[in-house]
Each structure stands twice: as C-alpha cells, then as structure tokens.
>>> print(open('input-v2.cif').read())   # mmCIF, C-alpha atoms
data_input
loop_
_atom_site.label_atom_id
_atom_site.label_comp_id
_atom_site.auth_asym_id
_atom_site.auth_seq_id
_atom_site.Cartn_x
_atom_site.Cartn_y
_atom_site.Cartn_z
CA MET U 250 21.37 -0.89 38.20
CA ASN U 251 23.04 1.97 39.99
CA GLY U 252 21.56 5.26 38.81
CA LYS U 253 18.56 6.25 36.75
CA VAL U 254 17.54 5.23 33.24
CA THR U 255 15.95 7.19 30.40
CA GLY U 256 13.15 5.76 28.28
CA ILE U 257 13.49 6.57 24.57
CA ILE U 258 10.81 6.01 21.93
CA LEU U 259 11.90 6.07 18.29
CA SER U 260 9.04 7.54 16.31
CA GLY U 261 10.80 8.78 13.22
CA GLY U 262 9.77 6.09 10.76
CA GLU U 263 8.05 7.01 7.53
CA SER U 264 5.12 4.60 8.07
CA ARG U 265 5.22 3.56 4.42
CA ARG U 266 2.71 0.72 4.96
CA MET U 267 0.31 2.78 7.06
CA ALA U 268 -2.24 5.32 5.85
CA SER U 269 -1.38 7.61 8.78
CA GLU U 270 1.35 8.12 11.38
CA LYS U 271 2.05 4.68 12.80
CA ALA U 272 2.41 5.88 16.39
CA PHE U 273 -1.21 7.03 16.43
CA MET U 274 -2.81 3.83 15.19
CA GLU U 275 -5.03 2.42 17.93
CA ILE U 276 -5.41 -0.91 19.69
CA ASP U 277 -8.58 -1.11 21.76
CA GLY U 278 -8.93 2.66 21.52
CA ILE U 279 -5.41 3.42 22.77
CA SER U 280 -2.73 4.65 20.39
CA LEU U 281 0.56 2.79 20.07
CA ILE U 282 2.47 5.74 21.49
CA GLU U 283 0.15 5.97 24.50
CA ASN U 284 0.49 2.24 25.13
CA ILE U 285 4.26 2.66 25.31
CA LEU U 286 4.08 5.76 27.50
CA ASN U 287 1.76 3.87 29.85
CA GLY U 288 4.31 1.08 30.00
CA PHE U 289 7.06 3.61 30.75
CA ASP U 290 5.16 5.16 33.65
CA GLY U 291 7.15 4.84 36.86
CA LEU U 292 10.07 3.01 35.22
CA PHE U 293 12.03 5.98 33.93
CA ASP U 294 12.75 9.41 35.39
CA GLU U 295 13.10 10.86 31.88
CA VAL U 296 11.25 10.11 28.64
CA ILE U 297 12.43 11.14 25.17
CA ILE U 298 10.50 10.82 21.91
CA VAL U 299 12.71 11.01 18.82
CA THR U 300 10.61 12.40 16.01
CA ASN U 301 10.98 14.65 13.00
CA LYS U 302 7.36 15.78 13.46
CA PRO U 303 7.42 17.22 16.99
CA GLU U 304 4.17 19.10 16.45
CA LEU U 305 2.33 15.78 16.66
CA TYR U 306 3.71 14.95 20.10
CA ILE U 307 3.59 18.24 22.02
CA SER U 308 0.71 17.03 24.21
CA TYR U 309 2.86 14.28 25.76
CA ASP U 310 5.01 14.68 28.84
CA ALA U 311 8.30 13.91 27.11
CA MET U 312 11.35 15.62 25.66
CA LEU U 313 11.06 15.85 21.88
CA VAL U 314 14.23 15.61 19.79
CA GLY U 315 14.82 15.26 16.08
CA ASP U 316 17.33 13.27 14.07
CA LEU U 317 20.72 14.98 13.88
CA PHE U 318 21.60 12.68 10.97
CA LYS U 319 18.74 12.89 8.47
CA LYS U 320 17.32 9.90 6.59
CA LYS U 321 19.63 7.37 8.21
CA GLY U 322 17.00 5.21 9.89
CA PRO U 323 16.78 3.90 13.45
CA MET U 324 20.50 4.31 14.11
CA ALA U 325 20.12 8.07 13.71
CA GLY U 326 17.20 8.04 16.13
CA LEU U 327 19.19 6.01 18.63
CA TYR U 328 22.07 8.47 18.36
CA SER U 329 19.87 11.54 18.91
CA GLY U 330 18.09 9.94 21.84
CA LEU U 331 21.27 8.86 23.61
CA LEU U 332 22.96 12.20 22.96
CA ASN U 333 20.09 14.10 24.60
CA SER U 334 19.62 11.71 27.52
CA ARG U 335 20.79 12.97 30.89
CA ASN U 336 21.37 9.41 32.12
CA ASN U 337 24.19 7.01 31.30
CA TYR U 338 21.76 4.25 30.30
CA SER U 339 18.63 4.39 28.16
CA PHE U 340 16.00 1.84 27.26
CA VAL U 341 15.19 2.28 23.57
CA VAL U 342 12.05 0.99 21.88
CA ALA U 343 10.37 1.47 18.50
CA CYS U 344 6.99 3.20 18.48
CA ASP U 345 5.42 0.16 16.81
CA MET U 346 6.13 -2.22 19.74
CA PRO U 347 3.25 -1.48 22.14
CA PHE U 348 3.26 -4.62 24.27
CA LEU U 349 5.97 -3.74 26.75
CA ASN U 350 6.55 -6.05 29.68
CA ARG U 351 7.56 -3.96 32.66
CA SER U 352 9.06 -6.88 34.56
CA LEU U 353 11.26 -7.80 31.60
CA ILE U 354 12.43 -4.21 31.21
CA SER U 355 13.19 -3.98 34.93
CA PHE U 356 15.24 -7.18 34.69
CA MET U 357 17.18 -5.74 31.76
CA MET U 358 17.87 -2.60 33.76
CA ASP U 359 19.09 -4.67 36.71
CA ILE U 360 21.73 -6.46 34.63
CA ALA U 361 23.03 -3.45 32.68
CA ASP U 362 25.84 -2.42 35.01
CA GLY U 363 29.25 -2.76 33.39
CA VAL U 364 28.06 -3.43 29.84
CA ASP U 365 27.37 -1.23 26.83
CA ILE U 366 24.21 -2.93 25.57
CA VAL U 367 21.56 -5.24 27.02
CA ILE U 368 19.59 -6.86 24.20
CA PRO U 369 17.06 -9.70 23.87
CA LYS U 370 18.01 -12.68 21.71
CA VAL U 371 15.23 -15.00 20.48
CA ASN U 372 15.67 -17.83 17.98
CA GLY U 373 19.20 -16.64 17.35
CA LEU U 374 18.05 -13.12 16.41
CA VAL U 375 18.49 -9.96 18.46
CA GLU U 376 15.94 -7.18 18.88
CA PRO U 377 17.91 -3.90 18.80
CA LEU U 378 14.82 -1.72 19.17
CA HIS U 379 13.92 -3.18 22.55
CA ALA U 380 17.26 -2.79 24.26
CA ILE U 381 19.30 -0.81 26.75
CA TYR U 382 22.21 1.26 25.49
CA SER U 383 24.95 3.11 27.35
CA LYS U 384 26.21 6.53 26.35
CA ARG U 385 29.53 4.74 25.78
CA CYS U 386 28.01 3.63 22.45
CA LEU U 387 27.75 7.19 21.12
CA ASP U 388 31.17 7.44 19.51
CA LEU U 389 30.77 4.08 17.78
CA ILE U 390 27.27 4.94 16.56
CA GLU U 391 28.44 8.31 15.25
CA LYS U 392 31.33 6.64 13.41
CA ASN U 393 28.98 4.12 11.79
CA LEU U 394 26.53 6.83 10.79
CA LYS U 395 29.26 8.83 9.08
CA GLU U 396 30.48 5.69 7.31
CA GLU U 397 26.93 4.77 6.22
CA ASN U 398 27.01 1.54 8.25
CA LEU U 399 23.40 1.88 9.35
CA GLY U 400 22.55 -1.59 10.64
CA LEU U 401 22.06 -1.51 14.41
CA ARG U 402 23.24 -5.09 14.76
CA GLY U 403 26.60 -3.99 13.38
CA ILE U 404 27.61 -2.25 16.60
CA LEU U 405 27.19 -5.38 18.73
CA GLY U 406 30.51 -6.92 17.76
CA GLN U 407 32.32 -3.78 18.85
CA SER U 408 30.52 -3.39 22.17
CA LYS U 409 30.32 -5.17 25.50
CA VAL U 410 26.93 -6.87 25.21
CA ARG U 411 24.74 -8.74 27.68
CA TYR U 412 22.32 -10.90 25.71
CA VAL U 413 19.00 -11.75 27.35
CA GLY U 414 18.20 -15.32 26.39
CA GLU U 415 14.88 -17.00 25.83
CA ASP U 416 15.11 -18.86 29.13
CA GLU U 417 15.31 -15.50 30.93
CA ILE U 418 12.70 -13.74 28.80
CA THR U 419 10.03 -16.44 29.27
CA ILE U 420 10.16 -15.99 33.03
CA PHE U 421 8.57 -12.58 32.51
CA ASP U 422 6.91 -12.82 29.09
CA PRO U 423 6.26 -16.47 28.23
CA ASP U 424 4.33 -15.62 25.06
CA MET U 425 7.03 -13.20 23.84
CA ASN U 426 4.43 -10.47 23.37
CA PHE U 427 7.12 -7.82 23.71
CA LEU U 428 8.30 -8.77 20.19
CA ILE U 429 4.98 -7.90 18.54
CA ASN U 430 5.28 -4.93 16.24
CA ILE U 431 2.66 -3.19 14.14
CA ASN U 432 3.61 -2.69 10.51
CA SER U 433 0.23 -2.41 8.79
CA SER U 434 -3.43 -1.84 9.43
CA GLU U 435 -3.88 -5.59 9.05
CA ASP U 436 -1.61 -6.10 12.06
CA ILE U 437 -3.91 -3.86 14.09
CA LYS U 438 -6.86 -6.10 13.23
CA LYS U 439 -4.98 -9.22 14.29
CA VAL U 440 -3.87 -7.92 17.65
CA THR U 441 -6.48 -8.57 20.33
CA GLN U 442 -4.43 -8.60 23.52
CA LYS U 443 -3.90 -5.50 25.58
CA ILE U 444 -0.50 -4.21 26.59
CA CYS U 445 1.15 -6.00 29.52
CA ILE U 446 1.80 -3.51 32.33
#
>>> encode(input="input-v2.cif", output="structure tokens")
Amino acid sequence: MNGKVTGIILSGGESRRMASEKAFMEIDGISLIENILNGFDGLFDEVIIVTNKPELYISYDAMLVGDLFKKKGPMAGLYSGLLNSRNNYSFVVACDMPFLNRSLISFMMDIADGVDIVIPKVNGLVEPLHAIYSKRCLDLIEKNLKEENLGLRGILGQSKVRYVGEDEITIFDPDMNFLININSSEDIKKVTQKICI
C-alpha cells in the first residue's frame, strides 16, 4: 500500500456478558487490549482507541476518541475512528479479538490500494471487525447511521470491496486464530494459545 495506515481498536461495547470491562480481561496475564496493542506495534504509525470511557485507557500510547453517534453499536465506533484518523486507510479491530496475525494484516494492507474495504471471508461469512476501511466509506457510514441501518455488513454492497478468501488467509493463519473473540469469562478459560505476533 502507498502511504501509512492507522490502527483502530473499537472498545465501546457494553460487555454485557462480562463482570468487568471486556478489554481488561486477561489471557496468560496480559489484557485483551494489551495483546492487540502488542500486535499493532510497528505496523501502524497511528493508533486510535474508540471508547466512551477514556479514563480507563489514558495510560496507553493511543489517541482516545468517543462515539459521535451514541448507542449505535460498532458502526458508530467505526465512524468515529475513521473520522479522527489522519490516514486514508485504517485497520479496524474489536477489542475482544486478541489473536492478531501480523502477517495477515500486512497482506491486507498490501492489497488495499484502489478499494474501499478489505475484509476476510470465511465459510461464506465476512468479519467486519477485522478489516481495512478507507475514509471514502465515511459518507456512506454516516448516512446509514442516520437512517438507523446499523449492520456493518450492509455497507459492503455499496462499496468497492476486496474479499480475503480462506485460501489466502490460511497461508498466514492456518488455524484461523484471528477469528477468536472473547465474549465471556468462560471463553477466557478455554483460550490457551498466546497471541500470534
């Protein structure tokens, strides 16, 4: 890719199934948010954490921004992150996906030129919270937010998308660990592998 890329972490979820803030749950003594920031290290020249509780994240070397559209889910977080990014492209990930694969992300960055979105597709399903978005998506996202069309997958049909297929993903992450997300304390107990960096 020509130019630099911003790394955006969406950490605005309400953690309904967790007893505490999801981003601070630990795997092998390392919080989910720290796992992601470790995975970001050296990949991005700018890091943004989208959160409505910035006081919890002030110790991290990242720009903290809040949702401009309140209570509208991940699409609102995506919008705020892209709007505040200084780069044309941003890699966006949810705070509950700690097993980033740096080689996969680098590949996604390399193929982003000329498209609006680069997104993994596994078993016919896309993963919109492990994807690269261009600032060109902002107007469409804002329109959908105002119309209460809050599903991230809904913007794909109106954008120029490069899907990353399973045959490409398995070159870098054969076990598809990048898809693992943590939704409950039980998930923490089940996860035994460390983040791939």
>>> residues_around(input="input-v2.cif", residues="Gly315 (chain U)", least_positions_apart="4", cutoff="6 Å", atoms="all atoms listed in the file", output="VMD selection string")
chain U and resid 299 to 301
>>> write_last_selection(input="input-v2.cif", atoms="C-alpha atoms", output="mmCIF file, keeping the file's coordinate frame")
data_model
loop_
_atom_site.group_PDB
_atom_site.id
_atom_site.type_symbol
_atom_site.label_atom_id
_atom_site.label_comp_id
_atom_site.auth_asym_id
_atom_site.auth_seq_id
_atom_site.Cartn_x
_atom_site.Cartn_y
_atom_site.Cartn_z
ATOM 1 C CA VAL U 299 12.710 11.010 18.820
ATOM 2 C CA THR U 300 10.610 12.400 16.010
ATOM 3 C CA ASN U 301 10.980 14.650 13.000
#
>>> atom_distance(input="input-v2.cif", atom1="CA of Phe348 (chain U)", atom2="CA of Glu283 (chain U)")
11.0 Å
>>> resolve_selection(input="input-v2.cif", expression="the PyMOL selection byres ((chain U and resi 392-407) around 8)", output="short mmCIF file (atom, residue, chain, number, x, y, z; two decimals) with C-alpha atoms, in the frame of the given file")
data_model
loop_
_atom_site.label_atom_id
_atom_site.label_comp_id
_atom_site.auth_asym_id
_atom_site.auth_seq_id
_atom_site.Cartn_x
_atom_site.Cartn_y
_atom_site.Cartn_z
CA PHE U 318 21.60 12.68 10.97
CA LYS U 321 19.63 7.37 8.21
CA GLY U 322 17.00 5.21 9.89
CA PRO U 323 16.78 3.90 13.45
CA MET U 324 20.50 4.31 14.11
CA ALA U 325 20.12 8.07 13.71
CA ILE U 366 24.21 -2.93 25.57
CA VAL U 375 18.49 -9.96 18.46
CA PRO U 377 17.91 -3.90 18.80
CA ASP U 388 31.17 7.44 19.51
CA LEU U 389 30.77 4.08 17.78
CA ILE U 390 27.27 4.94 16.56
CA GLU U 391 28.44 8.31 15.25
CA SER U 408 30.52 -3.39 22.17
CA LYS U 409 30.32 -5.17 25.50
CA VAL U 410 26.93 -6.87 25.21
#
>>> residues_around(input="input-v2.cif", residues="Ser383 (chain U)", least_positions_apart="2", cutoff="6 Å", atoms="all atoms listed in the file", output="ChimeraX atom specification")
/U:337-338,365,385-386
>>> atom_distance(input="input-v2.cif", atom1="CA of Glu415 (chain U)", atom2="CA of Val371 (chain U)")
5.7 Å
>>> closest_residue(input="input-v2.cif", among="U:Asn372, U:Glu304, U:Ser434, U:Leu349", to="Ile276 (chain U)", atoms="only C-alpha atoms")
U:Ser434
>>> closest_residue(input="input-v2.cif", among="U:Met274, U:Ile437, U:Val314, U:Leu374", to="Tyr328 (chain U)", atoms="all atoms listed in the file")
U:Val314
>>> resolve_selection(input="input-v2.cif", expression="the PyMOL selection byres ((chain U and resi 287) around 12)", output="PyMOL selection string")
chain U and resi 256+279-286+288-293+296+309-310+347-351+443-446
>>> resolve_selection(input="input-v2.cif", expression="the PyMOL selection byres ((chain U and resi 346) around 7)", output="list in words")
Ala343, Cys344, Asp345, Pro347, Phe348, Phe427, Leu428, Ile429, Asn430 and Ile431 of chain U
>>> atom_distance(input="input-v2.cif", atom1="CA of Phe356 (chain U)", atom2="CA of Ser339 (chain U)")
13.7 Å
